[in-house]
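Notes for the one structure printed next.
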Amino acid sequence: MSGNDCWVIAADTGPIAGMIAAARSLGGKITAVAAGGRALADKAAAAGPDEVRWFAPSQGSPPETLAPAVARDIAAAAPRVILSLPDAASRVLWAAAAFALGAPAAGAVTQLRAEGDLVLAVRPAAQGKALETIGSQGLLAAVFDAADITYTGPAAPVTEMRPAAGEDKFAAALRLAPGADDGAPEESGLRAAARVIGVGLGVRKRERLAWAESLAAALDAVLACSLPVSDDLEWFGESRVIGISSNRIAPQLYLALGISGQPQHMSGVRDARIVAAVNNDPEAPVFNRCHYGIEGDLAEILPALIDAVNE
Amino acid sequence: MTAQSVKCVLIFKWARNPLDARVGLDGAVDWSFANMAASDDDAAAAVAARNLSDDIVALTLGNGDTAWAAARGASRTVTVPDPRIGLDSSWTARLLAGGVRHIGEVDVVLAGDCAWDPAAPVLLGACLGWPTLAGVIEARREGGGLRVVRRAESGNETLEVTPPVVLAVLARHTEKEPPGMKAILAARKKPVEKMTAADLGAAPAADSLVLCGSALPPATKAQIFAGRDDPAGAAAQLIAALRKEGVL
Ligand SMILES: Cc1cc2nc3c(=O)[nH]c(=O)nc-3n(C[C@H](O)[C@H](O)[C@H](O)COP(=O)(O)OP(=O)(O)OC[C@H]3O[C@@H](n4cnc5c(N)ncnc54)[C@H](O)[C@@H]3O)c2cc1C
């Protein structure tokens, strides 16, 4: 185990700079593994690590096929801490490395620090009702799941890595299906939008959807929705759903209209800078997860908002 | 795996339900109320298992309903009644890997990709040394292998998979067709095999995690404008606040 060195794993987009900033509090060297295309490696390099080791999957292979190579590379460096982004592919690579190191493992940590001979990690417990601090005197492997930040320092050097002979044994077992996923769900511009308005079941009537559209036009915002608005009402396609099993977005503003604020929905906008909500129920959980809110009936508030913007 | 049959292990009720944990005024968490529970994601894994195979063996940790998976298609259940689940998810994974090895010839292992513990299912794949996919939303048989759809950050990805494989399945809703009374009663007659960690050859990681403290999260106080009596005033206040934040 070397000092408080930390390796961070990114096989998809996610809060890489936030994860590296959290790792900085440990005081050791930070090495990022980027498992994916060149763009991902460049993104990792610009997120503030000391060094990036870039593993590109072979043609037609998902990043998970790199698990043996990434695990070997990390085990050879023997860092004290390894962190993963929360997405599916990053976690698989991280798990292979954690197991190779024999590290104890924890899910969903949000902060790290070193204290004496301990490395400490903070994680939400009991659905965020408390924050537990867990510590290890030895190694620690954790999935990082907190907000991203913007890193403005210089980019780190990128070293291109190649799996050794026999290390791509998973490539025969996992193949991207050719042509299956053409037409990525990005036609809505949702992920890049600076302002997003979320439509929930509380909008209730289809004619009020037209008001939400007018408000979106006035605010230069993109419309999105909660899962039942897509699944049950079918007002929007699946690509517009925000939440844990759908899109995670990080706009400047998320305005939730008639959305109760269940954790499965709100985890999709955790990285939004400002969350505002309109709901007629003062006890709606969304009011505990927003910065600004209006308690009122959308039948009255929506037209008033359109007027207020146009004034 | 043969052309005719895929042998599946369905893992259920392997984590504690954090909704049942109690948080004191000082932020201390009392986990003693938090029972091992099947999650929505475990239910989605059960649906995926049934779509793949009618040869399903179930594996679970802890006491409680050992017939949950038997009511959802499993022919028998292996359980570790006293799993001593603590802070370290790698322990959960080591126990589960021991259980899968004990069950023997297996093509596909399925577990819920549950937010209660995002680490254990992928660590299980690592313990077994098998290819692993998480965030799986659909799996079916195609040709000699499987066709699996999983969620990536940029959208869904479809993969052609040759077993053995570990699939961590993500739910999109609560269970749509829970088993009826008849299936539940029949499930209670199916065999249950009890094992210990020692039987399964599970050994903990060399380092252990310790709980060093617990606190209440900082209160984030939202500014709420009353729009019931004065919709126009509340709307104007919200828009002004958002302009001041620089997000409009
Ligand atoms: C495994 C699983 C995964 C899930 N994944 C997702 C996901 O990815 N994304 C997602 O969104 N959901 C997801 N869900 C569903 C989630 O739990 C909630 O059920 C859903 O988000 C609720 O949608 P909603 O807020 O639109 O509706 P509701 O919960 O019904 O809320 C409607 C709100 O509107 C308010 N309201 C009603 N009338 C008015 C009015 N006239 N004016 C103002 N306010 C009004 C009500 O007070 C209420 O708060 C998932 C669920 C499960 C079990």
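Residues in the structure tokens are numbered from 1 in each chain, the chains being A, B, ... in the order shown, and ligands are numbered from 1 in the order shown.
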
### Task
For segment 120-131 of chain B, list every protein, DNA or RNA residue within 8 Å, evaluated using only C-alpha atoms, and leave out those in the same chain fewer than 6 positions away; present the list as a PyMOL selection string.
(chain A and resi 64-65+91-92+95-96+98-99+170+173-174) or (chain B and resi 89-90+92-94+96-97+111-113+164-166+168)

Taking only C-alpha atoms and all ligand atoms into account, report as a PDB file with N, CA, C and O atoms, in the first residue's frame which residues have an atom no farther than 7 Å from an atom of ligand 1.
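Saved result, pocket-v3.pdb, follows:
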ATOM      1  N   VAL A 199     -42.114  18.084 -15.839  1.00  0.00           N
ATOM      2  CA  VAL A 199     -43.571  18.005 -15.744  1.00  0.00           C
ATOM      3  C   VAL A 199     -43.932  16.740 -14.963  1.00  0.00           C
ATOM      4  O   VAL A 199     -43.504  15.649 -15.324  1.00  0.00           O
ATOM      5  N   GLY A 200     -44.700  16.892 -13.888  1.00  0.00           N
ATOM      6  CA  GLY A 200     -45.106  15.745 -13.087  1.00  0.00           C
ATOM      7  C   GLY A 200     -46.604  15.483 -13.192  1.00  0.00           C
ATOM      8  O   GLY A 200     -47.327  16.221 -13.877  1.00  0.00           O
ATOM      9  N   LEU A 201     -47.045  14.459 -12.502  1.00  0.00           N
ATOM     10  CA  LEU A 201     -48.475  14.097 -12.538  1.00  0.00           C
ATOM     11  C   LEU A 201     -49.350  15.240 -12.042  1.00  0.00           C
ATOM     12  O   LEU A 201     -50.526  15.323 -12.389  1.00  0.00           O
ATOM     13  N   GLY A 202     -48.782  16.140 -11.217  1.00  0.00           N
ATOM     14  CA  GLY A 202     -49.544  17.262 -10.692  1.00  0.00           C
ATOM     15  C   GLY A 202     -49.963  18.265 -11.755  1.00  0.00           C
ATOM     16  O   GLY A 202     -50.807  19.125 -11.489  1.00  0.00           O
ATOM     17  N   VAL A 203     -49.394  18.182 -12.948  1.00  0.00           N
ATOM     18  CA  VAL A 203     -49.834  19.069 -14.034  1.00  0.00           C
ATOM     19  C   VAL A 203     -51.253  18.662 -14.461  1.00  0.00           C
ATOM     20  O   VAL A 203     -52.049  19.488 -14.923  1.00  0.00           O
ATOM     21  N   ARG A 204     -51.564  17.403 -14.254  1.00  0.00           N
ATOM     22  CA  ARG A 204     -52.913  16.842 -14.347  1.00  0.00           C
ATOM     23  C   ARG A 204     -53.585  16.907 -15.706  1.00  0.00           C
ATOM     24  O   ARG A 204     -54.078  15.908 -16.185  1.00  0.00           O
ATOM     25  N   CYS A 225     -39.801  15.152 -17.845  1.00  0.00           N
ATOM     26  CA  CYS A 225     -40.952  14.690 -17.067  1.00  0.00           C
ATOM     27  C   CYS A 225     -40.552  13.635 -16.033  1.00  0.00           C
ATOM     28  O   CYS A 225     -39.434  13.126 -16.045  1.00  0.00           O
ATOM     29  N   SER A 226     -41.498  13.314 -15.162  1.00  0.00           N
ATOM     30  CA  SER A 226     -41.317  12.206 -14.226  1.00  0.00           C
ATOM     31  C   SER A 226     -41.704  10.907 -14.936  1.00  0.00           C
ATOM     32  O   SER A 226     -42.352  10.935 -15.991  1.00  0.00           O
ATOM     33  N   LEU A 227     -41.334   9.788 -14.356  1.00  0.00           N
ATOM     34  CA  LEU A 227     -41.563   8.489 -15.013  1.00  0.00           C
ATOM     35  C   LEU A 227     -43.039   8.223 -15.334  1.00  0.00           C
ATOM     36  O   LEU A 227     -43.361   7.841 -16.460  1.00  0.00           O
ATOM     37  N   PRO A 228     -43.979   8.433 -14.373  1.00  0.00           N
ATOM     38  CA  PRO A 228     -45.384   8.121 -14.714  1.00  0.00           C
ATOM     39  C   PRO A 228     -45.959   9.020 -15.806  1.00  0.00           C
ATOM     40  O   PRO A 228     -46.882   8.607 -16.510  1.00  0.00           O
ATOM     41  N   VAL A 229     -45.421  10.228 -15.963  1.00  0.00           N
ATOM     42  CA  VAL A 229     -45.919  11.105 -17.031  1.00  0.00           C
ATOM     43  C   VAL A 229     -45.566  10.508 -18.394  1.00  0.00           C
ATOM     44  O   VAL A 229     -46.309  10.661 -19.367  1.00  0.00           O
ATOM     45  N   VAL A 241     -37.519  11.285 -19.602  1.00  0.00           N
ATOM     46  CA  VAL A 241     -37.731  11.005 -18.178  1.00  0.00           C
ATOM     47  C   VAL A 241     -36.463  11.338 -17.391  1.00  0.00           C
ATOM     48  O   VAL A 241     -35.356  11.013 -17.807  1.00  0.00           O
ATOM     49  N   ILE A 242     -36.647  11.984 -16.234  1.00  0.00           N
ATOM     50  CA  ILE A 242     -35.537  12.291 -15.329  1.00  0.00           C
ATOM     51  C   ILE A 242     -35.595  11.310 -14.169  1.00  0.00           C
ATOM     52  O   ILE A 242     -36.677  11.052 -13.635  1.00  0.00           O
ATOM     53  N   GLY A 243     -34.431  10.773 -13.759  1.00  0.00           N
ATOM     54  CA  GLY A 243     -34.436   9.956 -12.552  1.00  0.00           C
ATOM     55  C   GLY A 243     -33.400   8.858 -12.572  1.00  0.00           C
ATOM     56  O   GLY A 243     -32.623   8.716 -13.515  1.00  0.00           O
ATOM     57  N   ILE A 244     -33.464   8.064 -11.526  1.00  0.00           N
ATOM     58  CA  ILE A 244     -32.432   7.057 -11.263  1.00  0.00           C
ATOM     59  C   ILE A 244     -32.354   6.040 -12.392  1.00  0.00           C
ATOM     60  O   ILE A 244     -31.281   5.584 -12.768  1.00  0.00           O
ATOM     61  N   SER A 245     -33.534   5.667 -12.943  1.00  0.00           N
ATOM     62  CA  SER A 245     -33.514   4.639 -13.976  1.00  0.00           C
ATOM     63  C   SER A 245     -33.575   5.278 -15.369  1.00  0.00           C
ATOM     64  O   SER A 245     -33.818   4.602 -16.346  1.00  0.00           O
ATOM     65  N   SER A 246     -33.376   6.608 -15.426  1.00  0.00           N
ATOM     66  CA  SER A 246     -33.506   7.308 -16.703  1.00  0.00           C
ATOM     67  C   SER A 246     -32.350   8.290 -16.876  1.00  0.00           C
ATOM     68  O   SER A 246     -31.218   7.913 -16.720  1.00  0.00           O
ATOM     69  N   LEU A 257     -42.542  20.999 -11.852  1.00  0.00           N
ATOM     70  CA  LEU A 257     -43.948  21.402 -11.801  1.00  0.00           C
ATOM     71  C   LEU A 257     -44.807  20.199 -11.452  1.00  0.00           C
ATOM     72  O   LEU A 257     -44.886  19.241 -12.216  1.00  0.00           O
ATOM     73  N   GLY A 258     -45.430  20.219 -10.286  1.00  0.00           N
ATOM     74  CA  GLY A 258     -46.326  19.121  -9.916  1.00  0.00           C
ATOM     75  C   GLY A 258     -45.613  17.788  -9.815  1.00  0.00           C
ATOM     76  O   GLY A 258     -46.128  16.761 -10.216  1.00  0.00           O
ATOM     77  N   ILE A 259     -44.406  17.833  -9.270  1.00  0.00           N
ATOM     78  CA  ILE A 259     -43.611  16.619  -9.042  1.00  0.00           C
ATOM     79  C   ILE A 259     -43.456  16.450  -7.534  1.00  0.00           C
ATOM     80  O   ILE A 259     -43.085  17.398  -6.837  1.00  0.00           O
ATOM     81  N   SER A 260     -43.773  15.251  -7.019  1.00  0.00           N
ATOM     82  CA  SER A 260     -43.779  15.080  -5.568  1.00  0.00           C
ATOM     83  C   SER A 260     -42.371  15.098  -4.982  1.00  0.00           C
ATOM     84  O   SER A 260     -42.181  15.471  -3.833  1.00  0.00           O
ATOM     85  N   GLY A 261     -41.371  14.674  -5.769  1.00  0.00           N
ATOM     86  CA  GLY A 261     -39.994  14.726  -5.281  1.00  0.00           C
ATOM     87  C   GLY A 261     -39.518  13.435  -4.660  1.00  0.00           C
ATOM     88  O   GLY A 261     -38.725  13.449  -3.718  1.00  0.00           O
ATOM     89  N   GLN A 262     -39.978  12.308  -5.195  1.00  0.00           N
ATOM     90  CA  GLN A 262     -39.483  11.003  -4.720  1.00  0.00           C
ATOM     91  C   GLN A 262     -37.988  10.884  -5.032  1.00  0.00           C
ATOM     92  O   GLN A 262     -37.530  11.407  -6.048  1.00  0.00           O
ATOM     93  N   PRO A 263     -37.238  10.177  -4.153  1.00  0.00           N
ATOM     94  CA  PRO A 263     -35.788  10.076  -4.384  1.00  0.00           C
ATOM     95  C   PRO A 263     -35.427   9.522  -5.767  1.00  0.00           C
ATOM     96  O   PRO A 263     -34.434   9.937  -6.349  1.00  0.00           O
ATOM     97  N   GLN A 264     -36.256   8.594  -6.286  1.00  0.00           N
ATOM     98  CA  GLN A 264     -35.917   8.029  -7.613  1.00  0.00           C
ATOM     99  C   GLN A 264     -35.932   9.106  -8.691  1.00  0.00           C
ATOM    100  O   GLN A 264     -35.223   9.004  -9.674  1.00  0.00           O
ATOM    101  N   HIS A 265     -36.781  10.117  -8.521  1.00  0.00           N
ATOM    102  CA  HIS A 265     -36.799  11.223  -9.492  1.00  0.00           C
ATOM    103  C   HIS A 265     -35.689  12.222  -9.177  1.00  0.00           C
ATOM    104  O   HIS A 265     -34.914  12.598 -10.051  1.00  0.00           O
ATOM    105  N   VAL A 278     -42.889  23.844  -7.900  1.00  0.00           N
ATOM    106  CA  VAL A 278     -44.251  24.328  -7.658  1.00  0.00           C
ATOM    107  C   VAL A 278     -45.096  23.121  -7.285  1.00  0.00           C
ATOM    108  O   VAL A 278     -45.121  22.119  -8.009  1.00  0.00           O
ATOM    109  N   ASN A 279     -45.775  23.202  -6.137  1.00  0.00           N
ATOM    110  CA  ASN A 279     -46.590  22.082  -5.678  1.00  0.00           C
ATOM    111  C   ASN A 279     -47.682  22.631  -4.771  1.00  0.00           C
ATOM    112  O   ASN A 279     -47.455  23.601  -4.043  1.00  0.00           O
ATOM    113  N   ASN A 280     -48.859  22.029  -4.815  1.00  0.00           N
ATOM    114  CA  ASN A 280     -49.941  22.547  -3.965  1.00  0.00           C
ATOM    115  C   ASN A 280     -49.979  21.880  -2.588  1.00  0.00           C
ATOM    116  O   ASN A 280     -50.822  22.209  -1.769  1.00  0.00           O
ATOM    117  N   ASP A 281     -49.050  20.964  -2.354  1.00  0.00           N
ATOM    118  CA  ASP A 281     -49.009  20.277  -1.067  1.00  0.00           C
ATOM    119  C   ASP A 281     -47.799  20.769  -0.279  1.00  0.00           C
ATOM    120  O   ASP A 281     -46.666  20.478  -0.646  1.00  0.00           O
ATOM    121  N   ALA A 284     -45.118  18.235   0.458  1.00  0.00           N
ATOM    122  CA  ALA A 284     -44.494  17.466  -0.630  1.00  0.00           C
ATOM    123  C   ALA A 284     -42.987  17.367  -0.391  1.00  0.00           C
ATOM    124  O   ALA A 284     -42.336  18.367  -0.082  1.00  0.00           O
ATOM    125  N   GLY A 296     -48.654  26.288  -4.251  1.00  0.00           N
ATOM    126  CA  GLY A 296     -49.853  26.795  -4.914  1.00  0.00           C
ATOM    127  C   GLY A 296     -50.320  25.855  -6.002  1.00  0.00           C
ATOM    128  O   GLY A 296     -49.660  24.854  -6.304  1.00  0.00           O
ATOM    129  N   ASP A 297     -51.469  26.184  -6.562  1.00  0.00           N
ATOM    130  CA  ASP A 297     -52.099  25.346  -7.585  1.00  0.00           C
ATOM    131  C   ASP A 297     -51.564  25.752  -8.966  1.00  0.00           C
ATOM    132  O   ASP A 297     -51.594  26.935  -9.325  1.00  0.00           O
ATOM    133  N   LEU A 298     -51.113  24.746  -9.703  1.00  0.00           N
ATOM    134  CA  LEU A 298     -50.531  25.036 -11.016  1.00  0.00           C
ATOM    135  C   LEU A 298     -51.521  25.732 -11.952  1.00  0.00           C
ATOM    136  O   LEU A 298     -51.118  26.490 -12.828  1.00  0.00           O
ATOM    137  N   ALA A 299     -52.808  25.483 -11.720  1.00  0.00           N
ATOM    138  CA  ALA A 299     -53.811  26.135 -12.570  1.00  0.00           C
ATOM    139  C   ALA A 299     -53.675  27.652 -12.473  1.00  0.00           C
ATOM    140  O   ALA A 299     -53.943  28.369 -13.433  1.00  0.00           O
TER     141      ALA A 299
ATOM    142  N   ASP B  40     -37.140  -3.650  -5.033  1.00  0.00           N
ATOM    143  CA  ASP B  40     -37.786  -3.594  -6.357  1.00  0.00           C
ATOM    144  C   ASP B  40     -36.854  -4.172  -7.413  1.00  0.00           C
ATOM    145  O   ASP B  40     -37.289  -4.796  -8.381  1.00  0.00           O
ATOM    146  N   ASP B  41     -35.553  -3.925  -7.223  1.00  0.00           N
ATOM    147  CA  ASP B  41     -34.574  -4.410  -8.211  1.00  0.00           C
ATOM    148  C   ASP B  41     -34.461  -5.933  -8.170  1.00  0.00           C
ATOM    149  O   ASP B  41     -34.282  -6.574  -9.207  1.00  0.00           O
ATOM    150  N   ALA B 171     -34.494  -1.984 -11.617  1.00  0.00           N
ATOM    151  CA  ALA B 171     -35.952  -1.874 -11.788  1.00  0.00           C
ATOM    152  C   ALA B 171     -36.320  -0.493 -12.270  1.00  0.00           C
ATOM    153  O   ALA B 171     -35.640   0.487 -11.996  1.00  0.00           O
ATOM    154  N   ARG B 172     -37.434  -0.417 -12.980  1.00  0.00           N
ATOM    155  CA  ARG B 172     -37.989   0.881 -13.352  1.00  0.00           C
ATOM    156  C   ARG B 172     -39.307   1.141 -12.630  1.00  0.00           C
ATOM    157  O   ARG B 172     -39.908   2.189 -12.782  1.00  0.00           O
ATOM    158  N   HIS B 173     -39.799   0.170 -11.891  1.00  0.00           N
ATOM    159  CA  HIS B 173     -41.071   0.362 -11.194  1.00  0.00           C
ATOM    160  C   HIS B 173     -41.169  -0.692 -10.095  1.00  0.00           C
ATOM    161  O   HIS B 173     -40.344  -1.598 -10.024  1.00  0.00           O
ATOM    162  N   THR B 174     -42.195  -0.577  -9.277  1.00  0.00           N
ATOM    163  CA  THR B 174     -42.426  -1.628  -8.300  1.00  0.00           C
ATOM    164  C   THR B 174     -42.918  -2.869  -9.045  1.00  0.00           C
ATOM    165  O   THR B 174     -43.309  -2.795 -10.214  1.00  0.00           O
TER     166      THR B 174
END

#### Entry: Residue among B:Arg147, B:Lys182, B:Lys194, B:Arg84 lying closest to chain A, counting only C-alpha atoms
B:Arg147

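Secondary structure from DSSP on the backbone puts strand (DSSP E or B) at the following positions of segment 83-127 of chain B: Val108, Val109, Leu110, Ala111 and Gly112 of chain B.
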
### Message
I need the alpha helix (DSSP H) residues of segment 39-161 of chain B per DSSP on the backbone, written as number ranges by chain.
### Response
B: 40-52, 89-103, 120-128

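Residues in contact with Ala224 of chain A at 6 Å, where only C-alpha atoms are counted and same-chain residues fewer than 4 positions away are skipped, are listed as Ile197, Gly198, Arg240 and Val241 of chain A.
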
For the selection just defined, write its residues with C-alpha atoms to a file, as a compact mmCIF listing (two decimals), in the first residue's frame.
# COMPACT_ATOMS: atom_id res chain seq x y z
CA ILE A 197 -38.65 22.17 -16.67
CA GLY A 198 -39.90 18.86 -15.27
CA ARG A 240 -37.40 12.77 -21.54
CA VAL A 241 -37.73 11.01 -18.18

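Atom CA of Ile85 of chain B is found 15.4 Å from atom CA of Val29 of chain B.
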
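The two atoms in question, atom CA of Val8 of chain A and atom CA of Arg162 of chain A, are spaced 18.0 Å apart.
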
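Between Leu140 of chain A and the candidates A:Arg113, A:Arg80, A:Lys169, A:Arg191, the tightest atom-to-atom separation, counting only C-alpha atoms, involves A:Arg80.
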
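Among the candidates B:Leu248, B:Ala45, B:Ala34, B:Ala71, the residue lying nearest to Met181 of chain B is B:Ala71 (atoms considered: only C-alpha atoms).
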
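What separates atom CA of Ala21 of chain B from atom CA of Leu61 of chain B is a distance of 18.0 Å.
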